[in-house]
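The file upload-v2.txt comes next; it holds compact mmCIF, C-alpha atoms and all ligand atoms.
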```txt
# COMPACT_ATOMS: atom_id res chain seq x y z
CA MET A 46 124.51 85.40 83.96
CA ARG A 47 122.49 82.42 82.80
CA VAL A 48 122.19 81.66 79.10
CA TYR A 49 118.73 80.68 77.95
CA LYS A 50 117.77 78.95 74.79
CA ARG A 51 116.73 82.07 72.92
CA GLN A 52 113.10 81.50 72.37
CA MET A 53 111.74 84.97 72.64
CA ARG A 54 108.41 85.38 74.36
CA CYS A 55 105.87 87.38 72.36
CA ARG A 56 103.16 89.58 73.81
CA SER A 57 100.46 86.90 73.82
CA ASP A 58 102.86 84.49 75.55
CA ILE A 59 103.45 87.10 78.22
CA ASP A 60 99.68 87.47 78.64
CA ARG A 61 99.43 83.76 79.26
CA LEU A 62 101.46 84.25 82.45
CA ASN A 63 98.87 86.57 83.87
CA GLY A 64 96.95 83.95 85.84
CA GLN A 65 100.17 82.76 87.48
CA PHE A 66 101.16 86.26 88.57
CA LEU A 67 97.69 86.93 89.93
CA ALA A 68 97.84 83.68 91.91
CA ILE A 69 101.18 84.76 93.43
CA PHE A 70 99.67 88.14 94.30
CA ASP A 71 96.66 86.46 95.98
CA SER A 72 98.90 84.15 97.99
CA LEU A 73 100.80 87.14 99.42
CA ILE A 74 97.76 89.12 100.65
CA PRO A 75 97.45 88.95 104.44
CA PRO A 76 94.30 87.17 105.64
CA GLU A 77 91.61 89.21 107.42
CA GLU A 78 92.39 87.61 110.80
CA GLU A 79 95.95 88.94 110.58
CA LYS A 80 94.57 92.47 110.14
CA ALA A 81 92.28 91.93 113.14
CA LYS A 82 95.26 90.82 115.26
CA GLN A 83 97.20 93.94 114.26
CA LYS A 84 94.25 96.08 115.40
CA GLN A 85 94.11 94.16 118.68
CA LEU A 86 97.81 94.86 119.33
CA LEU A 87 97.39 98.53 118.40
CA THR A 88 94.52 98.89 120.90
CA LEU A 89 96.59 97.26 123.66
CA LEU A 90 99.57 99.53 123.00
CA GLU A 91 97.39 102.66 122.85
CA LYS A 92 95.95 101.81 126.27
CA LEU A 93 99.41 101.44 127.79
CA ILE A 94 100.84 104.55 126.14
CA ILE A 95 97.98 106.90 126.90
CA LYS A 96 98.53 106.47 130.65
CA GLU A 97 102.03 107.93 130.35
CA TRP A 98 101.44 110.46 127.54
CA PRO A 99 97.72 111.37 127.59
CA ARG A 100 97.93 113.65 124.53
CA ALA A 101 100.08 111.39 122.39
CA ARG A 102 98.81 109.48 119.35
CA LEU A 103 99.90 106.18 117.95
CA TYR A 104 99.90 105.86 114.14
CA LEU A 105 100.27 102.79 112.00
CA TYR A 106 102.59 103.41 109.04
CA GLY A 107 104.64 101.39 106.56
CA SER A 108 103.33 98.35 104.74
CA CYS A 109 100.55 97.50 107.25
CA ALA A 110 98.97 100.87 106.54
CA ASN A 111 99.78 101.54 102.88
CA SER A 112 98.20 98.30 101.58
CA PHE A 113 101.52 96.94 100.28
CA GLY A 114 102.03 94.63 103.26
CA VAL A 115 102.46 90.93 102.64
CA SER A 116 101.36 88.35 105.17
CA LYS A 117 103.43 88.27 108.39
CA SER A 118 104.98 91.71 107.89
CA ASP A 119 106.25 93.48 110.97
CA VAL A 120 104.03 96.30 112.16
CA ASP A 121 105.51 99.83 111.99
CA LEU A 122 104.14 102.28 114.55
CA CYS A 123 104.87 105.93 115.18
CA LEU A 124 104.27 107.53 118.58
CA ALA A 125 103.53 111.22 118.00
CA ILE A 126 104.13 113.39 121.06
CA GLU A 127 103.50 117.08 120.54
CA GLU A 128 105.78 118.42 123.23
CA PRO A 129 108.59 120.86 122.53
CA ASP A 130 112.17 119.60 122.84
CA ILE A 131 111.48 115.99 123.61
CA ASN A 132 114.50 113.78 123.92
CA LYS A 133 113.77 110.79 121.67
CA ALA A 134 116.26 108.50 123.40
CA GLU A 135 114.65 109.19 126.79
CA VAL A 136 111.17 108.58 125.40
CA ILE A 137 112.36 105.31 123.82
CA LEU A 138 113.79 104.11 127.14
CA ARG A 139 110.66 105.10 129.08
CA LEU A 140 108.42 103.47 126.48
CA ALA A 141 110.42 100.24 126.60
CA ASP A 142 110.09 100.28 130.40
CA ILE A 143 106.32 100.66 130.26
CA LEU A 144 105.86 97.95 127.65
CA GLN A 145 108.28 95.57 129.34
CA SER A 146 106.24 95.56 132.51
CA ASP A 147 103.17 94.41 130.59
CA SER A 148 102.70 91.00 128.96
CA LEU A 149 104.83 91.82 125.91
CA GLN A 150 108.01 89.94 125.03
CA ASN A 151 111.49 90.78 123.77
CA VAL A 152 111.09 94.50 124.36
CA GLN A 153 114.28 96.22 123.20
CA ALA A 154 115.13 99.92 123.19
CA LEU A 155 117.38 100.75 120.22
CA THR A 156 118.36 104.30 121.12
CA ARG A 157 121.43 104.50 118.87
CA ALA A 158 119.85 103.37 115.61
CA ARG A 159 119.58 105.95 112.77
CA VAL A 160 115.88 106.03 113.62
CA PRO A 161 115.65 105.15 117.35
CA ILE A 162 112.96 102.54 118.00
CA VAL A 163 111.44 100.17 120.52
CA LYS A 164 111.19 96.63 119.15
CA LEU A 165 108.80 94.11 120.64
CA MET A 166 106.86 90.91 120.11
CA ASP A 167 103.32 90.30 121.31
CA PRO A 168 102.97 86.65 122.36
CA ALA A 169 99.15 86.82 122.18
CA THR A 170 99.17 87.56 118.44
CA GLY A 171 102.72 86.54 117.45
CA ILE A 172 103.17 89.94 115.84
CA SER A 173 106.49 91.81 115.97
CA CYS A 174 106.49 95.55 115.85
CA ASP A 175 108.80 98.58 115.79
CA ILE A 176 107.74 101.85 117.41
CA CYS A 177 109.49 105.10 116.46
CA ILE A 178 108.95 108.60 117.85
CA ASN A 179 107.57 111.60 115.94
CA ASN A 180 108.41 110.30 112.47
CA VAL A 181 105.27 111.94 111.13
CA LEU A 182 106.63 112.30 107.58
CA ALA A 183 106.61 108.52 107.31
CA VAL A 184 102.95 108.53 108.34
CA VAL A 185 102.19 111.06 105.59
CA ASN A 186 104.19 109.26 102.86
CA THR A 187 102.43 106.03 103.88
CA ARG A 188 99.12 107.80 103.28
CA LEU A 189 100.27 108.97 99.82
CA LEU A 190 101.29 105.44 98.80
CA GLY A 191 98.00 104.04 100.12
CA ASP A 192 96.06 106.61 98.08
CA TYR A 193 97.95 105.67 94.89
CA ALA A 194 97.09 102.02 95.58
CA ARG A 195 93.37 102.86 95.63
CA ILE A 196 93.45 104.29 92.08
CA ASP A 197 94.37 101.19 90.12
CA VAL A 198 94.70 97.65 91.45
CA ARG A 199 97.63 96.99 89.12
CA LEU A 200 99.90 99.09 91.35
CA ARG A 201 99.26 96.82 94.32
CA GLN A 202 99.73 93.72 92.16
CA LEU A 203 102.97 94.97 90.63
CA ALA A 204 104.40 96.20 93.96
CA TYR A 205 103.63 92.91 95.73
CA ILE A 206 105.40 90.98 92.99
CA VAL A 207 108.39 93.33 92.90
CA LYS A 208 108.70 93.30 96.73
CA HIS A 209 108.44 89.51 96.78
CA TRP A 210 111.12 89.27 94.07
CA ALA A 211 113.38 91.73 95.92
CA LYS A 212 113.07 89.81 99.20
CA THR A 213 113.73 86.39 97.69
CA ARG A 214 116.66 87.70 95.63
CA GLY A 215 118.23 89.50 98.62
CA VAL A 216 118.03 93.01 97.16
CA ASN A 217 115.72 94.52 99.80
CA GLU A 218 118.37 95.18 102.47
CA THR A 219 119.29 98.83 102.97
CA TYR A 220 122.06 97.91 105.42
CA GLN A 221 123.71 95.93 102.59
CA GLY A 222 123.35 98.75 100.10
CA THR A 223 120.25 97.62 98.28
CA LEU A 224 116.84 99.31 98.27
CA SER A 225 114.04 99.61 100.86
CA SER A 226 110.51 98.39 100.20
CA TYR A 227 109.48 102.03 100.22
CA ALA A 228 111.89 102.75 97.34
CA TYR A 229 110.57 99.79 95.32
CA VAL A 230 106.97 100.97 95.70
CA LEU A 231 107.99 104.45 94.49
CA MET A 232 109.73 102.83 91.49
CA CYS A 233 106.47 101.00 90.69
CA ILE A 234 104.39 104.20 90.99
CA HIS A 235 106.83 106.03 88.73
CA PHE A 236 106.72 103.21 86.18
CA LEU A 237 102.90 103.29 86.07
CA GLN A 238 102.89 107.11 85.78
CA GLN A 239 105.16 106.76 82.75
CA ARG A 240 103.02 104.24 80.80
CA ARG A 241 101.27 105.60 77.71
CA PRO A 242 98.38 105.95 78.30
CA ALA A 243 99.32 106.53 81.93
CA ILE A 244 98.00 104.06 84.49
CA LEU A 245 98.55 106.40 87.45
CA PRO A 246 98.28 110.21 87.64
CA CYS A 247 100.66 112.49 89.52
CA LEU A 248 98.69 113.32 92.69
CA GLN A 249 101.12 116.04 93.79
CA GLY A 250 100.75 117.75 90.41
CA MET A 251 96.97 118.11 90.85
CA GLU A 252 94.93 120.58 92.91
CA ALA A 253 95.66 119.81 96.56
CA THR A 254 92.71 118.54 98.61
CA TYR A 255 94.92 117.40 101.48
CA SER A 256 97.67 119.46 102.99
CA VAL A 257 99.73 119.22 106.14
CA THR A 258 103.02 120.76 107.21
CA VAL A 259 105.44 118.37 108.87
CA ASP A 260 108.96 119.36 110.00
CA ASN A 261 108.59 122.55 107.89
CA ILE A 262 107.80 120.53 104.76
CA GLU A 263 104.48 121.19 103.09
CA CYS A 264 102.94 117.88 102.08
CA ALA A 265 100.05 118.52 99.71
CA TYR A 266 98.28 116.42 97.09
CA PHE A 267 94.94 115.50 95.56
CA ASP A 268 93.55 112.79 97.83
CA GLN A 269 90.01 112.35 96.51
CA VAL A 270 91.17 109.25 94.72
CA GLU A 271 87.73 107.66 94.53
CA LYS A 272 87.17 110.17 91.68
CA LEU A 273 90.14 108.67 89.79
CA ARG A 274 89.06 105.05 89.71
CA ASP A 275 88.80 105.07 85.89
CA PHE A 276 92.06 106.93 85.38
CA GLY A 277 94.03 103.99 84.00
CA SER A 278 91.19 102.34 82.09
CA HIS A 279 92.53 103.42 78.66
CA ASN A 280 95.59 101.33 79.26
CA ARG A 281 94.71 97.64 79.24
CA GLN A 282 98.14 96.24 80.00
CA THR A 283 97.96 93.15 82.14
CA ILE A 284 100.00 92.50 85.25
CA SER A 285 102.32 90.09 83.42
CA GLN A 286 103.06 92.73 80.77
CA LEU A 287 103.74 95.26 83.49
CA VAL A 288 106.10 92.94 85.36
CA TRP A 289 107.91 92.33 82.07
CA GLY A 290 108.00 96.10 81.39
CA PHE A 291 109.16 97.00 84.90
CA PHE A 292 112.19 94.73 84.79
CA ASN A 293 112.94 95.69 81.22
CA TYR A 294 112.87 99.37 82.20
CA TRP A 295 115.26 98.96 85.14
CA ALA A 296 117.52 96.55 83.23
CA TYR A 297 117.86 98.36 79.90
CA ARG A 298 115.91 101.61 79.64
CA HIS A 299 116.62 103.65 82.73
CA ASP A 300 119.46 106.13 82.34
CA TYR A 301 121.50 105.54 85.49
CA THR A 302 123.99 108.28 84.57
CA ASP A 303 121.60 111.22 84.31
CA SER A 304 118.09 110.39 85.52
CA VAL A 305 116.24 110.88 88.78
CA VAL A 306 112.90 109.17 89.26
CA SER A 307 110.37 111.66 90.65
CA VAL A 308 106.89 110.57 91.69
CA ARG A 309 106.31 114.13 92.97
CA THR A 310 106.46 115.59 89.44
CA GLY A 311 105.33 112.44 87.62
CA SER A 312 108.44 112.66 85.47
CA ILE A 313 112.15 112.10 85.21
CA LEU A 314 114.45 114.86 86.47
CA SER A 315 118.13 115.25 85.73
CA LYS A 316 120.80 114.61 88.34
CA ARG A 317 122.22 118.02 87.45
CA GLU A 318 119.09 119.91 88.47
CA LYS A 319 119.04 118.05 91.80
CA ASP A 320 122.80 118.53 92.25
CA TRP A 321 123.13 114.78 92.68
CA THR A 322 126.06 114.42 90.30
CA ARG A 323 128.79 113.48 92.74
CA ARG A 324 129.42 111.65 95.94
CA VAL A 325 128.86 113.72 99.08
CA GLY A 326 129.93 111.87 102.22
CA ASN A 327 128.38 108.45 101.92
CA ASP A 328 125.66 109.54 99.48
CA ARG A 329 126.67 108.36 96.02
CA HIS A 330 123.53 108.83 93.89
CA LEU A 331 124.21 105.84 91.63
CA ILE A 332 120.47 105.17 91.31
CA CYS A 333 118.32 108.17 92.12
CA ILE A 334 114.80 108.04 93.54
CA GLU A 335 113.51 111.33 94.92
CA ASP A 336 111.42 111.17 98.09
CA PRO A 337 108.01 112.69 97.25
CA PHE A 338 108.05 115.09 100.24
CA GLU A 339 111.63 115.32 101.52
CA ILE A 340 112.85 116.25 98.09
CA SER A 341 116.50 116.61 99.04
CA HIS A 342 116.41 112.98 100.03
CA ASP A 343 117.54 110.36 97.50
CA LEU A 344 116.27 106.91 98.46
CA GLY A 345 119.01 105.41 96.32
CA ARG A 346 121.76 107.00 98.40
CA VAL A 347 122.33 103.75 100.31
CA VAL A 348 123.46 102.07 97.08
CA ASP A 349 127.26 101.91 96.66
CA LYS A 350 129.52 100.92 93.76
CA PHE A 351 129.27 97.22 94.70
CA SER A 352 125.55 97.01 95.37
CA ILE A 353 124.65 98.95 92.20
CA ARG A 354 126.21 96.08 90.24
CA VAL A 355 124.27 93.51 92.21
CA LEU A 356 121.05 95.44 91.69
CA ARG A 357 121.54 95.96 87.96
CA GLU A 358 122.49 92.32 87.44
CA GLU A 359 119.34 91.30 89.29
CA PHE A 360 117.20 93.57 87.10
CA GLU A 361 118.86 92.09 84.01
CA ARG A 362 118.40 88.55 85.28
CA ALA A 363 114.70 89.24 85.90
CA ALA A 364 114.25 90.85 82.47
CA GLU A 365 115.94 87.88 80.78
CA ILE A 366 113.77 85.42 82.67
CA MET A 367 110.61 87.30 81.70
CA GLN A 368 111.73 87.30 78.08
CA TYR A 369 113.09 83.78 77.64
CA ASP A 370 112.65 81.40 80.56
CA PRO A 371 110.10 78.59 80.09
CA SER A 372 108.77 78.95 83.67
CA PRO A 373 109.41 82.56 84.70
CA CYS A 374 107.08 82.53 87.70
CA VAL A 375 109.31 79.91 89.33
CA LYS A 376 112.73 81.19 88.23
CA LEU A 377 112.05 84.81 89.06
CA PHE A 378 111.56 84.03 92.75
CA GLU A 379 114.30 81.44 93.18
CA PRO A 380 116.22 82.27 96.38
CA TYR A 381 119.68 83.62 95.59
P1 LIG B 401 107.97 95.90 104.39
O1 LIG B 401 106.74 95.17 104.01
O2 LIG B 401 109.20 95.37 103.73
O3 LIG B 401 108.13 96.08 105.88
P2 LIG B 401 107.37 98.76 104.30
O4 LIG B 401 106.35 99.35 103.38
O5 LIG B 401 107.00 98.73 105.75
O6 LIG B 401 107.78 97.33 103.75
P3 LIG B 401 109.90 99.99 104.76
O7 LIG B 401 110.91 100.24 103.69
O8 LIG B 401 110.18 99.01 105.85
O9 LIG B 401 108.60 99.61 103.99
O10 LIG B 401 109.54 101.38 105.40
C1 LIG B 401 108.46 101.59 106.28
C2 LIG B 401 107.95 103.00 106.11
O11 LIG B 401 108.97 103.88 106.56
C3 LIG B 401 107.65 103.38 104.68
O12 LIG B 401 106.34 103.09 104.31
C4 LIG B 401 107.91 104.85 104.71
O13 LIG B 401 106.75 105.49 105.22
C5 LIG B 401 109.01 105.01 105.71
N1 LIG B 401 110.35 105.04 105.10
C6 LIG B 401 111.16 103.98 104.89
N2 LIG B 401 112.33 104.38 104.37
C7 LIG B 401 112.25 105.70 104.23
C8 LIG B 401 113.14 106.70 103.78
N3 LIG B 401 114.37 106.39 103.36
N4 LIG B 401 112.71 107.97 103.80
C9 LIG B 401 111.50 108.30 104.24
N5 LIG B 401 110.59 107.41 104.71
C10 LIG B 401 110.97 106.14 104.70
MG MG B 402 107.65 97.55 107.41
```

Is it possible to express this structure as structure tokens?
Amino acid sequence: MRVYKRQMRCRSDIDRLNGQFLAIFDSLIPPEEEKAKQKQLLTLLEKLIIKEWPRARLYLYGSCANSFGVSKSDVDLCLAIEEPDINKAEVILRLADILQSDSLQNVQALTRARVPIVKLMDPATGISCDICINNVLAVVNTRLLGDYARIDVRLRQLAYIVKHWAKTRGVNETYQGTLSSYAYVLMCIHFLQQRRPAILPCLQGMEATYSVTVDNIECAYFDQVEKLRDFGSHNRQTISQLVWGFFNYWAYRHDYTDSVVSVRTGSILSKREKDWTRRVGNDRHLICIEDPFEISHDLGRVVDKFSIRVLREEFERAAEIMQYDPSPCVKLFEPY
């Protein structure tokens, strides 16, 4: 780890970084024309798909739909086919066939992936996209994240900065044992729920105004978020303070031995009550983040004994930089 000349940054110094963080946030927001191109591609795909499966629906999910998408993100799509006993691999192959014969490029059917998908690139818009089948829970958790983002702009700002940091530092790769973007956004929501006064409420702890059952899981929460626009107004922490606090929390304050982060309850649960105290198969539970709907699902389960060290060292590096480095907005995002 780097050693900095220990000139500790005080609160007003941290506030002075605010403009720089906001400028980074602004630079990551996709331009309107990119959104329009995504819509154009969605319309084209819908037209092609509807001919084969007239009752199917195509949903946008992931970062293009939850408002945490940076410019040039891949588009995640879910084809929902309400037919009993469909064979996903067969649908994937048929879908790839249909799309291949149109003007799309690099159409690949990945039938053996953990989540089988069709991957493609649209030469007209330059957009790449992944299409999965019947992963409706992802559509619903995308909606939940998007609703949290509409309550307080600081969530979107913090999540963009954390995602940008994770990508440049190489800790946003689930196949290498680090965390998904989805997990990082949940960590940000949890962090803002825990501020005092809280910046975000716990939508699943409030009276449900939206409810849907997917794969036998009841997904219910308060979705009238326009009524919650003032929720975080008693807490005036700026984005630079929150970035500082976020890294400080994950570097020094989170209890990795006992705690489970739970956006669903707006609190911290114990590993014991989740029965996440030991390794089961490949699931190690070294950093625990409960999925808000699939509550037996720990988003940290991909993290192993090597990658937990990498992750924690990266959190510590970021916390140190925020505390001591003379130009944190540069150092924080230095490629690893
Ligand atoms: P990026 O901008 O990096 O593409 P993203 O928001 O699309 O970020 P991903 O981690 O690629 O995030 O995941 C896409 C979507 O898939 C998420 O928004 C979520 O709906 C769903 N998802 C991803 N990982 C999981 C998981 N482990 N369990 C449940 N749903 C998940
Ligand atoms: Mg994505």

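Counting from atom CA of A:Ser278, the distance to atom CA of A:Val198 is 11.0 Å.
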
Worksheet item: So which residues are near ligand LIG 401 (chain B), meaning at most 9 Å away with only C-alpha atoms and all ligand atoms counted, given back as a PyMOL selection string?
Response: chain A and resi 106-121+180-188+190+208+212+217+219+224-230+336-339+342-347

Excluding A:Pro99 and any residue of its chain fewer than 5 positions from it, enumerate the residues within 12 Å of it, using all atoms listed in the file, and give them as a PDB file with C-alpha atoms, in the coordinates of the input.
```
ATOM      1  CA  GLU A  91      97.390 102.660 122.850  1.00  0.00           C
ATOM      2  CA  LYS A  92      95.950 101.810 126.270  1.00  0.00           C
ATOM      3  CA  LEU A  93      99.410 101.440 127.790  1.00  0.00           C
ATOM      4  CA  ILE A  94     100.840 104.550 126.140  1.00  0.00           C
ATOM      5  CA  LEU A 124     104.270 107.530 118.580  1.00  0.00           C
ATOM      6  CA  ALA A 125     103.530 111.220 118.000  1.00  0.00           C
ATOM      7  CA  ILE A 126     104.130 113.390 121.060  1.00  0.00           C
ATOM      8  CA  GLU A 127     103.500 117.080 120.540  1.00  0.00           C
ATOM      9  CA  GLU A 128     105.780 118.420 123.230  1.00  0.00           C
TER      10      GLU A 128
END
```

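Nearest to ligand MG 402 (chain B) of all the residues A:Met53, A:Ala364, A:Leu105, A:Leu67 is A:Leu105, counting all atoms listed in the file.
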
Fill in: Spatial neighbours of stretch 289-302 of chain A, 7 Å, all atoms listed in the file, chain gap at least 6 places, as a ChimeraX atom specification
/A:236,331-332,357,360-361,363-364,367

Worksheet entry | Atom-to-atom span, atom CA of A:Cys177 and atom CA of A:Ile137, Å | 7.9 Å

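If you look at atom CA of A:Ile206 and atom CA of A:Ala194, they are 14.1 Å away from each other.
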
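Across A:Cys123, A:Val308, A:Val288, A:Leu377, the tightest approach to A:Gln249 is made by A:Val308 when counting all atoms listed in the file.
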
Fill in: Selected residue of minimal separation from ligand MG 402 (chain B) among A:Gln85, A:Ile176, A:Arg54, A:Arg102, counting all atoms listed in the file
A:Ile176

Item to complete: Considering all atoms listed in the file, return as a list in words whatever protein or nucleic-acid residues lie within 8 Å of A:Leu140, sequence-local ones (same chain, fewer than 4 positions apart) excluded.
Response: Ile94, Val136, Leu144 and Val163 of chain A

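With distances restricted to all atoms listed in the file, A:Cys174 is the closest residue to ligand MG 402 (chain B) from A:Cys174, A:Ile59, A:Ala211, A:Leu245.
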
Practice prompt. Counting all atoms listed in the file, figure out which residue out of A:Arg139, A:Arg199, A:Lys272, A:Lys164 gets nearest to A:Ile244.
Written response: A:Arg199

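Proximity of A:Leu273, A:Asp175, A:Arg323, A:Lys376 to ligand MG 402 (chain B), computed with only C-alpha atoms and all ligand atoms, is greatest for A:Asp175.
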
Discussion item. Need to verify the contact set: A:Leu86, 9 Å, all atoms listed in the file, exclusion of same-chain residues closer than 6 positions in sequence. Can you return it as a PyMOL selection string?
Written reply: chain A and resi 167+169-170+172

Worksheet item: Could you pull the residues within 8 Å of A:Lys133, counting all atoms listed in the file, minus those fewer than 5 positions along the same chain, as a PyMOL selection string?
Response: chain A and resi 156+161+178

Grab all the atoms of stretch 362-373 of chain A that the file lists, wrap them in a box along x, y and z, add 5 Å per side, and give me centre plus edge lengths in Å (one decimal) as lines of an AutoDock Vina configuration file.
```
center_x = 113.6
center_y = 84.7
center_z = 81.8
size_x = 19.6
size_y = 22.3
size_z = 18.3
```
